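K.L.:
Sharing a structure here in structure tokens format.
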Amino acid sequence: MNNFAEKIEIRRAAASDAKLIAVLAAVTFYEAYYEQDDAHDLANYIDESFTLEKIRAELANQNAAFFIIFLEQKAVGYAKMREGSKIPCIKSENSIELQRIYTLERVYGAGIGKILLEHCLETARRRDFETLWLGVWEENIRAQKFYTKNGFRRVGELTFPYGDSVGINFVLEKIL
């Protein structure tokens with residue numbers, strides 16, 4: 001495992017990473033949901049949510065931080081943390097949202113997601129946040145198991161408009 005860790009690099013994304021993040025976002029989102037979702041809803045969501053202009057605007061937002069994880073100098077995933085997002089079921093006034101965390105399907109099971117999640121948790125701790133929270137689709141059982149295994153607990157639900165439907169996301173939190 002030590003050799004594996006030496007092959008990993010995580011860095012905060014810069015404005016110059018916008019294209020890379022847009023591609024990673026589209027690919028990883030498609031890979032995560034193509035089996036469950038309507039193909040047109042999925043394509044429309046990706047087309048609307050991960051345009052280069054949107055990603056550039058998100059990177060420029062002072063309340064957002066993107067991290068890219070590399071395996072042997074190849075980008076294999078990313079995460080986005082967002083300050084200032086509040087929902088009623090998160091009681092802590094000092095919380096941060098893990099809005100996105102995705103890896104390429106080809107590295108599922110290799111521990112890449114856990115390493116990226118731990119980086120986000122450590123970043124939140126260093127910045128003195130008390131809670132990290134996220135939303136996970138009710139049908140994404142794999143992700144729910146991952147978060148439960150990593151100490152998150154379900155505290156609520158929120159709706160997620162998606163194409164012609166509205167999905168339910170479970171809200172999970174981890175006290176830091």
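Each chain in the structure tokens gets a letter, A, B and so on, in the order shown; residues start at 1 in every chain, and ligands are counted from 1 in the order they appear.
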What's the 7 Å shell around Phe66 (chain A), counting only C-alpha atoms, without same-chain residues fewer than 3 positions away, as a list in words?
P.N.:
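Answer for this query is Arg12, Ala13, Tyr78, Ala79, Lys80 and Met81 of chain A.
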K.L.:
Store the residues picked out above, limited to C-alpha atoms, as a CSV table (one decimal), in the first residue's frame.
P.N.:
```
chain,number,residue,atom,x,y,z
A,12,ARG,CA,-6.4,22.1,-5.3
A,13,ALA,CA,-7.7,23.0,-8.7
A,78,TYR,CA,-12.3,15.2,-8.2
A,79,ALA,CA,-14.2,16.7,-5.3
A,80,LYS,CA,-15.9,20.0,-4.7
A,81,MET,CA,-16.4,21.5,-1.3
```
K.L.:
Hey, what's within 12 Å of Asn44 (chain A) if we count only C-alpha atoms and toss same-chain stuff fewer than 4 positions away? As number ranges by chain, please?
P.N.:
A: 26, 29-30, 37-40, 48-51, 161-164
K.L.:
Take the selection from the previous step and output its residues with all heavy atoms, as a tab-separated table (two decimals), in the first residue's frame.
P.N.:
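Final file, result.tsv:
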```tsv
chain	number	residue	atom	x	y	z
A	26	ALA	N	-18.20	15.36	-16.33
A	26	ALA	CA	-19.11	14.71	-17.27
A	26	ALA	C	-18.91	13.19	-17.29
A	26	ALA	O	-19.87	12.42	-17.20
A	26	ALA	CB	-18.92	15.30	-18.67
A	29	PHE	N	-19.79	11.52	-13.76
A	29	PHE	CA	-21.22	11.56	-13.49
A	29	PHE	C	-21.94	10.53	-14.37
A	29	PHE	O	-22.80	9.78	-13.89
A	29	PHE	CB	-21.78	12.96	-13.73
A	29	PHE	CG	-23.13	13.17	-13.10
A	29	PHE	CD1	-23.25	13.59	-11.79
A	29	PHE	CD2	-24.29	12.93	-13.83
A	29	PHE	CE1	-24.50	13.76	-11.20
A	29	PHE	CE2	-25.54	13.10	-13.25
A	29	PHE	CZ	-25.64	13.52	-11.93
A	30	TYR	N	-21.58	10.49	-15.63
A	30	TYR	CA	-22.20	9.51	-16.53
A	30	TYR	C	-21.93	8.09	-16.04
A	30	TYR	O	-22.84	7.26	-15.96
A	30	TYR	CB	-21.68	9.68	-17.96
A	30	TYR	CG	-22.41	8.78	-18.92
A	30	TYR	CD1	-23.62	9.16	-19.48
A	30	TYR	CD2	-21.91	7.52	-19.24
A	30	TYR	CE1	-24.32	8.32	-20.34
A	30	TYR	CE2	-22.59	6.67	-20.09
A	30	TYR	CZ	-23.80	7.07	-20.63
A	30	TYR	OH	-24.48	6.23	-21.46
A	37	ASP	N	-30.31	5.86	-14.70
A	37	ASP	CA	-30.98	7.06	-15.20
A	37	ASP	C	-31.46	6.93	-16.64
A	37	ASP	O	-30.88	6.18	-17.44
A	37	ASP	CB	-30.04	8.26	-15.13
A	37	ASP	CG	-29.86	8.77	-13.73
A	37	ASP	OD1	-30.58	8.33	-12.83
A	37	ASP	OD2	-28.99	9.63	-13.54
A	38	ASP	N	-32.47	7.71	-16.95
A	38	ASP	CA	-32.89	7.88	-18.33
A	38	ASP	C	-31.75	8.57	-19.09
A	38	ASP	O	-31.21	9.58	-18.62
A	38	ASP	CB	-34.16	8.75	-18.37
A	38	ASP	CG	-34.56	9.10	-19.78
A	38	ASP	OD1	-35.15	8.25	-20.46
A	38	ASP	OD2	-34.24	10.24	-20.21
A	39	ALA	N	-31.40	8.02	-20.23
A	39	ALA	CA	-30.25	8.53	-20.98
A	39	ALA	C	-30.39	10.00	-21.35
A	39	ALA	O	-29.42	10.76	-21.29
A	39	ALA	CB	-30.03	7.69	-22.24
A	40	HIS	N	-31.61	10.43	-21.71
A	40	HIS	CA	-31.81	11.83	-22.10
A	40	HIS	C	-31.72	12.76	-20.89
A	40	HIS	O	-31.12	13.84	-21.00
A	40	HIS	CB	-33.14	12.00	-22.83
A	40	HIS	CG	-33.18	11.27	-24.13
A	40	HIS	ND1	-32.40	11.64	-25.21
A	40	HIS	CD2	-33.87	10.18	-24.52
A	40	HIS	CE1	-32.61	10.81	-26.20
A	40	HIS	NE2	-33.50	9.90	-25.82
A	48	GLU	N	-26.05	20.68	-19.08
A	48	GLU	CA	-26.39	21.91	-18.38
A	48	GLU	C	-25.44	22.20	-17.21
A	48	GLU	O	-25.15	23.35	-16.92
A	48	GLU	CB	-27.82	21.83	-17.84
A	48	GLU	CG	-28.88	21.79	-18.91
A	48	GLU	CD	-30.25	21.39	-18.38
A	48	GLU	OE1	-30.41	21.26	-17.14
A	48	GLU	OE2	-31.15	21.18	-19.20
A	49	SER	N	-24.98	21.17	-16.54
A	49	SER	CA	-24.26	21.35	-15.27
A	49	SER	C	-22.76	21.46	-15.39
A	49	SER	O	-22.12	22.04	-14.51
A	49	SER	CB	-24.59	20.19	-14.33
A	49	SER	OG	-25.97	20.15	-14.08
A	50	PHE	N	-22.19	20.90	-16.44
A	50	PHE	CA	-20.73	20.81	-16.50
A	50	PHE	C	-20.14	21.51	-17.71
A	50	PHE	O	-19.11	21.10	-18.23
A	50	PHE	CB	-20.30	19.34	-16.44
A	50	PHE	CG	-20.82	18.61	-15.24
A	50	PHE	CD1	-21.50	17.41	-15.39
A	50	PHE	CD2	-20.67	19.11	-13.96
A	50	PHE	CE1	-21.99	16.72	-14.29
A	50	PHE	CE2	-21.16	18.44	-12.85
A	50	PHE	CZ	-21.82	17.24	-13.02
A	51	THR	N	-20.78	22.59	-18.13
A	51	THR	CA	-20.21	23.37	-19.22
A	51	THR	C	-18.92	24.04	-18.74
A	51	THR	O	-18.74	24.27	-17.53
A	51	THR	CB	-21.17	24.46	-19.72
A	51	THR	OG1	-21.36	25.41	-18.65
A	51	THR	CG2	-22.51	23.88	-20.16
A	161	PRO	N	-33.97	18.30	-8.45
A	161	PRO	CA	-34.58	18.34	-9.78
A	161	PRO	C	-33.60	17.82	-10.82
A	161	PRO	O	-32.44	18.21	-10.84
A	161	PRO	CB	-34.88	19.82	-10.01
A	161	PRO	CG	-34.78	20.45	-8.67
A	161	PRO	CD	-33.84	19.62	-7.86
A	162	TYR	N	-34.09	16.93	-11.67
A	162	TYR	CA	-33.22	16.23	-12.58
A	162	TYR	C	-34.00	15.87	-13.84
A	162	TYR	O	-34.84	14.99	-13.80
A	162	TYR	CB	-32.73	14.97	-11.87
A	162	TYR	CG	-31.66	14.20	-12.57
A	162	TYR	CD1	-30.34	14.58	-12.50
A	162	TYR	CD2	-31.98	13.07	-13.30
A	162	TYR	CE1	-29.35	13.85	-13.13
A	162	TYR	CE2	-31.01	12.34	-13.93
A	162	TYR	CZ	-29.70	12.74	-13.84
A	162	TYR	OH	-28.74	12.01	-14.48
A	163	GLY	N	-33.74	16.57	-14.93
A	163	GLY	CA	-34.48	16.29	-16.15
A	163	GLY	C	-35.97	16.51	-15.95
A	163	GLY	O	-36.39	17.52	-15.41
A	164	ASP	N	-36.75	15.51	-16.32
A	164	ASP	CA	-38.20	15.59	-16.17
A	164	ASP	C	-38.68	15.04	-14.83
A	164	ASP	O	-39.88	14.92	-14.61
A	164	ASP	CB	-38.89	14.82	-17.31
A	164	ASP	CG	-38.68	15.48	-18.65
A	164	ASP	OD1	-38.54	16.73	-18.69
A	164	ASP	OD2	-38.64	14.76	-19.66
```
K.L.:
Step one, run DSSP on the backbone; step two, keep only residues of region 8-172 of chain A assigned to strand (DSSP E or B); then write them as a ChimeraX atom specification.
P.N.:
/A:8-12,64-71,74-83,95-103,131-137,153-162,165-172
K.L.:
Once DSSP has gone over the backbone, tell me which residues of region 23-69 of chain A are in alpha helix (DSSP H), as a PyMOL selection string.
P.N.:
chain A and resi 23-33+39-49+52-60
K.L.:
Would you mind telling me which residue in A:Phe160, A:Gly77, A:Ile175, A:Glu93 lies nearest to Arg125 (chain A) when using only C-alpha atoms?
P.N.:
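Closest to Arg125 (chain A) of all the choices is A:Ile175.
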K.L.:
Would you mind telling me which residue in A:Tyr108, A:Tyr45, A:Phe129, A:Tyr34 lies nearest to Ser95 (chain A) when using only C-alpha atoms?
P.N.:
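Smallest distance to Ser95 (chain A) is found for A:Phe129.
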K.L.:
Within 8 Å of region 14-22 of chain A, which residues of region 58-173 of chain A come that close, and what is the closest atom pair and distance in Å for each? Count only C-alpha atoms and give it as JSON lines.
P.N.:
```
{"residue": "A:Leu59", "atom": "CA", "partner": "A:Ala15", "partner_atom": "CA", "distance": 6.1}
{"residue": "A:Ala60", "atom": "CA", "partner": "A:Ala15", "partner_atom": "CA", "distance": 7.2}
{"residue": "A:Ile68", "atom": "CA", "partner": "A:Ile21", "partner_atom": "CA", "distance": 7.9}
{"residue": "A:Tyr78", "atom": "CA", "partner": "A:Ile21", "partner_atom": "CA", "distance": 7.4}
```
K.L.:
Keeping only N, CA, C and O atoms, write those residues as a PDB file, in the first residue's frame.
P.N.:
```pdb
ATOM      1  N   LEU A  59     -15.176  27.588 -10.149  1.00  0.00           N
ATOM      2  CA  LEU A  59     -13.780  27.732  -9.708  1.00  0.00           C
ATOM      3  C   LEU A  59     -13.498  29.139  -9.185  1.00  0.00           C
ATOM      4  O   LEU A  59     -12.690  29.313  -8.268  1.00  0.00           O
ATOM      5  N   ALA A  60     -14.147  30.134  -9.750  1.00  0.00           N
ATOM      6  CA  ALA A  60     -13.934  31.524  -9.343  1.00  0.00           C
ATOM      7  C   ALA A  60     -14.686  31.883  -8.065  1.00  0.00           C
ATOM      8  O   ALA A  60     -14.382  32.893  -7.433  1.00  0.00           O
ATOM      9  N   ILE A  68      -8.389  17.850  -7.252  1.00  0.00           N
ATOM     10  CA  ILE A  68      -8.221  16.818  -8.274  1.00  0.00           C
ATOM     11  C   ILE A  68      -7.276  15.769  -7.712  1.00  0.00           C
ATOM     12  O   ILE A  68      -6.235  16.099  -7.143  1.00  0.00           O
ATOM     13  N   TYR A  78     -12.264  13.873  -8.734  1.00  0.00           N
ATOM     14  CA  TYR A  78     -12.259  15.231  -8.208  1.00  0.00           C
ATOM     15  C   TYR A  78     -13.307  15.353  -7.102  1.00  0.00           C
ATOM     16  O   TYR A  78     -14.196  14.511  -6.960  1.00  0.00           O
TER      17      TYR A  78
END
```
K.L.:
Rank nothing, just name the residue among A:Val76, A:Lys7, A:Glu31, A:Leu116 nearest to Ala43 (chain A), using only C-alpha atoms.
P.N.:
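Closest to Ala43 (chain A) of all the choices is A:Glu31.
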K.L.:
So which one's closest to Val155 (chain A), A:Arg100, A:Arg82, A:Lys174, A:Arg56? Using only C-alpha atoms, please.
P.N.:
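For Val155 (chain A), the nearest of the candidates is A:Lys174.
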K.L.:
For CA of Leu104 (chain A) and CA of Ser85 (chain A), quote the distance in Å rounded to one decimal.
P.N.:
26.4 Å
K.L.:
Smallest atom-to-atom distance to Gln62 (chain A): which of A:Glu83, A:Glu122, A:Asp41, A:Glu139, using only C-alpha atoms?
P.N.:
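Nearest to Gln62 (chain A): A:Glu83.
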K.L.:
If I take CA of Glu138 (chain A) and CA of Arg106 (chain A), how far is one from the other in Å, to one decimal?
P.N.:
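Between CA of Glu138 (chain A) and CA of Arg106 (chain A) the gap works out to 23.1 Å.
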